[in-house]
$ cat start.pdb   # PDB, C-alpha atoms, pLDDT in the B column
ATOM      1  CA  MET A 570      14.007  76.494   6.648  1.00 58.00           C
ATOM      2  CA  ALA A 571      17.113  74.588   5.639  1.00 62.00           C
ATOM      3  CA  SER A 572      16.764  73.928   1.921  1.00 60.00           C
ATOM      4  CA  LYS A 573      17.500  76.595  -0.624  1.00 61.00           C
ATOM      5  CA  SER A 574      18.265  76.292  -4.269  1.00 62.00           C
ATOM      6  CA  SER A 575      21.203  77.957  -5.907  1.00 63.00           C
ATOM      7  CA  GLY A 576      22.021  78.081  -9.569  1.00 68.00           C
ATOM      8  CA  GLY A 577      18.887  76.080 -10.407  1.00 74.00           C
ATOM      9  CA  ARG A 578      20.009  73.129  -8.273  1.00 84.00           C
ATOM     10  CA  ALA A 579      18.244  71.929  -5.164  1.00 86.00           C
ATOM     11  CA  ASP A 580      20.138  71.757  -1.882  1.00 92.00           C
ATOM     12  CA  LEU A 581      19.565  68.030  -1.329  1.00 93.00           C
ATOM     13  CA  PRO A 582      20.952  67.841   2.226  1.00 95.00           C
ATOM     14  CA  GLY A 583      18.733  70.796   3.126  1.00 94.00           C
ATOM     15  CA  PHE A 584      15.763  69.149   1.403  1.00 92.00           C
ATOM     16  CA  PHE A 585      16.380  65.974   3.410  1.00 94.00           C
ATOM     17  CA  ALA A 586      16.599  67.952   6.661  1.00 96.00           C
ATOM     18  CA  ASP A 587      13.360  69.806   5.888  1.00 95.00           C
ATOM     19  CA  LEU A 588      11.569  66.616   4.881  1.00 94.00           C
ATOM     20  CA  VAL A 589      12.591  64.692   7.985  1.00 96.00           C
ATOM     21  CA  ARG A 590      11.925  67.584  10.392  1.00 97.00           C
ATOM     22  CA  CYS A 591       8.488  68.198   8.851  1.00 95.00           C
ATOM     23  CA  GLU A 592       7.623  64.515   9.123  1.00 96.00           C
ATOM     24  CA  THR A 593       8.798  64.383  12.745  1.00 97.00           C
ATOM     25  CA  ARG A 594       6.883  67.500  13.776  1.00 97.00           C
ATOM     26  CA  LEU A 595       3.689  66.414  11.989  1.00 97.00           C
ATOM     27  CA  TYR A 596       3.941  62.901  13.460  1.00 97.00           C
ATOM     28  CA  ASN A 597       4.476  64.270  16.974  1.00 97.00           C
ATOM     29  CA  ALA A 598       1.580  66.724  16.678  1.00 98.00           C
ATOM     30  CA  LEU A 599      -0.693  63.968  15.361  1.00 98.00           C
ATOM     31  CA  ASN A 600       0.454  61.688  18.214  1.00 98.00           C
ATOM     32  CA  ASP A 601      -0.509  64.348  20.755  1.00 98.00           C
ATOM     33  CA  ARG A 602      -3.948  64.966  19.264  1.00 98.00           C
ATOM     34  CA  LEU A 603      -4.787  61.278  18.742  1.00 98.00           C
ATOM     35  CA  ARG A 604      -3.599  60.398  22.262  1.00 98.00           C
ATOM     36  CA  GLU A 605      -5.615  63.266  23.756  1.00 98.00           C
ATOM     37  CA  ARG A 606      -8.842  62.457  21.930  1.00 98.00           C
ATOM     38  CA  HIS A 607      -8.684  58.681  21.356  1.00 98.00           C
ATOM     39  CA  GLY A 608      -5.965  57.184  23.566  1.00 97.00           C
ATOM     40  CA  ILE A 609      -3.832  55.999  20.630  1.00 98.00           C
ATOM     41  CA  VAL A 610      -0.768  57.250  18.789  1.00 97.00           C
ATOM     42  CA  THR A 611      -0.184  57.755  15.079  1.00 97.00           C
ATOM     43  CA  SER A 612       1.463  54.379  14.480  1.00 97.00           C
ATOM     44  CA  GLN A 613      -1.522  52.604  16.058  1.00 98.00           C
ATOM     45  CA  PHE A 614      -3.920  54.686  13.990  1.00 98.00           C
ATOM     46  CA  GLU A 615      -2.018  53.830  10.814  1.00 98.00           C
ATOM     47  CA  PHE A 616      -2.092  50.101  11.634  1.00 98.00           C
ATOM     48  CA  LEU A 617      -5.828  50.247  12.365  1.00 98.00           C
ATOM     49  CA  ARG A 618      -6.548  52.184   9.186  1.00 98.00           C
ATOM     50  CA  PHE A 619      -4.498  49.741   7.097  1.00 98.00           C
ATOM     51  CA  LEU A 620      -6.328  46.754   8.611  1.00 98.00           C
ATOM     52  CA  ARG A 621      -9.688  48.416   8.023  1.00 98.00           C
ATOM     53  CA  ASP A 622      -8.790  48.891   4.374  1.00 98.00           C
ATOM     54  CA  HIS A 623      -7.007  45.501   4.024  1.00 98.00           C
ATOM     55  CA  PRO A 624      -8.797  42.982   6.246  1.00 97.00           C
ATOM     56  CA  GLY A 625      -7.049  39.654   6.590  1.00 97.00           C
ATOM     57  CA  SER A 626      -3.563  41.128   6.226  1.00 97.00           C
ATOM     58  CA  ARG A 627      -0.513  39.570   7.849  1.00 97.00           C
ATOM     59  CA  VAL A 628       2.060  41.257  10.071  1.00 96.00           C
ATOM     60  CA  ALA A 629       4.463  40.998   7.115  1.00 94.00           C
ATOM     61  CA  ASP A 630       2.003  42.989   4.969  1.00 96.00           C
ATOM     62  CA  LEU A 631       1.952  45.841   7.483  1.00 97.00           C
ATOM     63  CA  ALA A 632       5.743  45.745   7.837  1.00 95.00           C
ATOM     64  CA  ALA A 633       6.116  46.009   4.059  1.00 93.00           C
ATOM     65  CA  GLU A 634       3.598  48.857   3.785  1.00 94.00           C
ATOM     66  CA  PHE A 635       5.251  50.928   6.502  1.00 95.00           C
ATOM     67  CA  ALA A 636       8.854  49.885   5.701  1.00 93.00           C
ATOM     68  CA  ILE A 637       9.498  48.777   9.277  1.00 95.00           C
ATOM     69  CA  GLY A 638      10.779  45.557  10.783  1.00 94.00           C
ATOM     70  CA  ILE A 639       8.532  42.568  11.353  1.00 94.00           C
ATOM     71  CA  GLY A 640       9.462  42.470  15.052  1.00 95.00           C
ATOM     72  CA  ALA A 641       8.376  46.069  15.649  1.00 95.00           C
ATOM     73  CA  THR A 642       5.211  45.478  13.647  1.00 97.00           C
ATOM     74  CA  SER A 643       4.380  42.343  15.607  1.00 96.00           C
ATOM     75  CA  LYS A 644       4.865  44.179  18.918  1.00 97.00           C
ATOM     76  CA  GLY A 645       2.551  46.946  17.730  1.00 97.00           C
ATOM     77  CA  ILE A 646      -0.099  44.395  16.773  1.00 98.00           C
ATOM     78  CA  ASP A 647       0.376  42.641  20.130  1.00 97.00           C
ATOM     79  CA  ARG A 648      -0.504  45.919  21.898  1.00 97.00           C
ATOM     80  CA  LEU A 649      -3.590  46.436  19.733  1.00 98.00           C
ATOM     81  CA  GLU A 650      -4.620  42.822  20.340  1.00 98.00           C
ATOM     82  CA  LYS A 651      -4.281  43.276  24.140  1.00 98.00           C
ATOM     83  CA  GLN A 652      -6.517  46.335  23.828  1.00 97.00           C
ATOM     84  CA  ALA A 653      -9.103  44.193  21.977  1.00 98.00           C
ATOM     85  CA  ARG A 654      -8.846  46.284  18.809  1.00 98.00           C
ATOM     86  CA  VAL A 655      -7.326  43.586  16.585  1.00 98.00           C
ATOM     87  CA  ILE A 656      -7.753  39.818  16.448  1.00 98.00           C
ATOM     88  CA  ARG A 657      -5.426  37.225  14.971  1.00 96.00           C
ATOM     89  CA  ARG A 658      -6.790  34.179  13.225  1.00 96.00           C
ATOM     90  CA  THR A 659      -4.964  31.233  11.756  1.00 94.00           C
ATOM     91  CA  ASN A 660      -3.926  31.685   8.149  1.00 93.00           C
ATOM     92  CA  PRO A 661      -5.395  28.682   6.293  1.00 93.00           C
ATOM     93  CA  SER A 662      -2.751  29.029   3.551  1.00 92.00           C
ATOM     94  CA  ASP A 663       0.215  29.190   5.931  1.00 90.00           C
ATOM     95  CA  ARG A 664      -0.290  27.981   9.493  1.00 86.00           C
ATOM     96  CA  ARG A 665       2.946  29.745  10.544  1.00 88.00           C
ATOM     97  CA  SER A 666       1.325  33.150  10.101  1.00 89.00           C
ATOM     98  CA  SER A 667      -1.859  34.807  11.295  1.00 95.00           C
ATOM     99  CA  LEU A 668      -4.392  36.935   9.503  1.00 98.00           C
ATOM    100  CA  LEU A 669      -5.375  40.173  11.206  1.00 98.00           C
ATOM    101  CA  ASP A 670      -8.774  41.768  11.478  1.00 98.00           C
ATOM    102  CA  LEU A 671     -10.232  44.680  13.387  1.00 98.00           C
ATOM    103  CA  THR A 672     -12.664  44.045  16.192  1.00 98.00           C
ATOM    104  CA  ASP A 673     -15.849  46.117  16.310  1.00 98.00           C
ATOM    105  CA  ASP A 674     -14.115  48.313  18.903  1.00 98.00           C
ATOM    106  CA  GLY A 675     -11.101  48.699  16.607  1.00 98.00           C
ATOM    107  CA  LEU A 676     -13.333  49.680  13.703  1.00 98.00           C
ATOM    108  CA  GLN A 677     -15.219  52.268  15.773  1.00 98.00           C
ATOM    109  CA  LEU A 678     -11.932  53.665  17.051  1.00 98.00           C
ATOM    110  CA  VAL A 679     -10.331  54.033  13.628  1.00 98.00           C
ATOM    111  CA  GLU A 680     -13.452  55.705  12.229  1.00 98.00           C
ATOM    112  CA  ALA A 681     -13.489  58.266  15.043  1.00 98.00           C
ATOM    113  CA  ALA A 682      -9.728  58.772  14.969  1.00 98.00           C
ATOM    114  CA  GLU A 683      -9.690  59.241  11.203  1.00 98.00           C
ATOM    115  CA  ALA A 684     -11.786  62.382  11.514  1.00 97.00           C
ATOM    116  CA  THR A 685      -9.369  63.760  14.120  1.00 98.00           C
ATOM    117  CA  PHE A 686      -6.340  62.743  12.039  1.00 98.00           C
ATOM    118  CA  THR A 687      -7.656  64.360   8.848  1.00 97.00           C
ATOM    119  CA  GLU A 688      -8.823  67.514  10.607  1.00 97.00           C
ATOM    120  CA  THR A 689      -5.506  67.934  12.428  1.00 98.00           C
ATOM    121  CA  LEU A 690      -3.406  67.264   9.339  1.00 96.00           C
ATOM    122  CA  ALA A 691      -5.446  69.778   7.329  1.00 94.00           C
ATOM    123  CA  GLU A 692      -5.056  72.338  10.105  1.00 96.00           C
ATOM    124  CA  LEU A 693      -1.275  71.815  10.317  1.00 95.00           C
ATOM    125  CA  THR A 694      -0.619  71.910   6.561  1.00 94.00           C
ATOM    126  CA  ALA A 695      -3.202  74.419   5.324  1.00 91.00           C
ATOM    127  CA  GLY A 696      -0.826  77.361   4.970  1.00 87.00           C
ATOM    128  CA  ALA A 697       1.874  75.428   3.155  1.00 90.00           C
ATOM    129  CA  LEU A 698      -0.176  73.069   0.988  1.00 89.00           C
ATOM    130  CA  GLY A 699      -3.130  75.290   0.143  1.00 83.00           C
ATOM    131  CA  GLY A 700      -1.948  76.702  -3.174  1.00 83.00           C
ATOM    132  CA  PRO A 701      -0.488  75.405  -6.439  1.00 86.00           C
ATOM    133  CA  SER A 702       2.992  74.927  -4.964  1.00 89.00           C
ATOM    134  CA  GLY A 703       1.412  72.775  -2.244  1.00 89.00           C
ATOM    135  CA  LEU A 704      -0.215  70.553  -4.852  1.00 89.00           C
ATOM    136  CA  ALA A 705       3.133  70.289  -6.644  1.00 91.00           C
ATOM    137  CA  ALA A 706       4.847  69.293  -3.378  1.00 91.00           C
ATOM    138  CA  VAL A 707       2.256  66.593  -2.762  1.00 91.00           C
ATOM    139  CA  GLN A 708       2.793  65.259  -6.293  1.00 93.00           C
ATOM    140  CA  VAL A 709       6.600  65.286  -5.992  1.00 93.00           C
ATOM    141  CA  LEU A 710       6.533  63.388  -2.690  1.00 93.00           C
ATOM    142  CA  SER A 711       4.096  60.859  -4.136  1.00 95.00           C
ATOM    143  CA  GLU A 712       6.384  60.298  -7.129  1.00 96.00           C
ATOM    144  CA  LEU A 713       9.453  60.001  -4.901  1.00 94.00           C
ATOM    145  CA  ARG A 714       7.708  57.468  -2.663  1.00 93.00           C
ATOM    146  CA  SER A 715       6.563  55.456  -5.696  1.00 95.00           C
ATOM    147  CA  ALA A 716      10.083  55.344  -7.126  1.00 95.00           C
ATOM    148  CA  LEU A 717      11.597  54.272  -3.793  1.00 95.00           C
ATOM    149  CA  GLU A 718       8.960  51.571  -3.320  1.00 92.00           C
ATOM    150  CA  HIS A 719       9.246  50.360  -6.906  1.00 92.00           C
ATOM    151  CA  HIS A 720      12.984  49.837  -6.486  1.00 93.00           C
ATOM    152  CA  GLN A 721      12.513  48.464  -2.942  1.00 91.00           C
ATOM    153  CA  ILE A 722      14.816  51.121  -1.515  1.00 92.00           C
ATOM    154  CA  GLY A 723      14.920  51.693   2.220  1.00 91.00           C
ATOM    155  CA  LEU A 724      13.434  48.435   3.418  1.00 87.00           C
ATOM    156  CA  PRO A 725      14.504  47.324   6.901  1.00 84.00           C
ATOM    157  CA  THR A 726      17.170  44.650   7.057  1.00 72.00           C
ATOM    158  CA  GLY A 727      15.694  42.716   9.947  1.00 58.00           C
TER
END
$ encode --input "start.pdb" --output "structure tokens"
Amino acid sequence: MASKSSGGRADLPGFFADLVRCETRLYNALNDRLRERHGIVTSQFEFLRFLRDHPGSRVADLAAEFAIGIGATSKGIDRLEKQARVIRRTNPSDRRSSLLDLTDDGLQLVEAAEATFTETLAELTAGALGGPSGLAAVQVLSELRSALEHHQIGLPTG
């Protein structure tokens, strides 16, 4: 573990290292489990889940939600479209963009994968997030994310 506090002050570089390494390890473990059981990776699952919960979204909406570039988002949607999990339809308000919806196959996949995702995440975090300090950590990260999003910090430049 990298981050320690001294004199009542948090070691911010250590906190950053811990945060990023935890995210990377969780993401990789979720990738492995989702690929093994459902033939998708975490980014695909997240796109499918977002589209299930926000039908008719645009590529730009997904890019904004996940703070990634529009090009990378579009390529990810292209792959899901080739797999017949997502369809694009013309946006009646702006013919330059498409609206995205899940196919029946995409909906079935995200429903099945969500159970695997939730079960795996609970399994991987149970020891660390089970008690009161875990609830506090969840709250702190939620507040940090909200502040960053509110101030539009960390958005991709392209």
$ residues_around --input "start.pdb" --residues "range 631-645 of chain A" --least-positions-apart "5" --cutoff "9 Å" --atoms "all atoms listed in the file" --output "list in words"
Ser612, Gln613, Glu615, Phe616, Phe619, Leu620, Ser626, Glu650, Gly723, Leu724, Pro725, Thr726 and Gly727 of chain A
$ residues_around --input "start.pdb" --residues "Gly675 in chain A" --least-positions-apart "5" --cutoff "9 Å" --atoms "all atoms listed in the file" --output "NGL selection string"
:A and (617 or 621 or 649 or 652-655 or 670 or 680)
$ atom_distance --input "start.pdb" --atom1 "CA of Val707 in chain A" --atom2 "CA of Glu592 in chain A"
13.2 Å
$ axis_aligned_box --input "start.pdb" --around "range 651-668 of chain A" --padding-each-side "8 Å" --output "JSON"
{"center_x": -3.1, "center_y": 37.2, "center_z": 13.8, "size_x": 28.0, "size_y": 34.4, "size_z": 36.6}
$ atom_distance --input "start.pdb" --atom1 "CA of Asp630 in chain A" --atom2 "CA of Leu676 in chain A"
18.9 Å
$ residues_around --input "start.pdb" --residues "range 600-607 of chain A" --least-positions-apart "4" --cutoff "12 Å" --atoms "all atoms listed in the file" --output "MDAnalysis selection string"
chainID A and resid 592:596 611:615 674:675 677:690 692:693
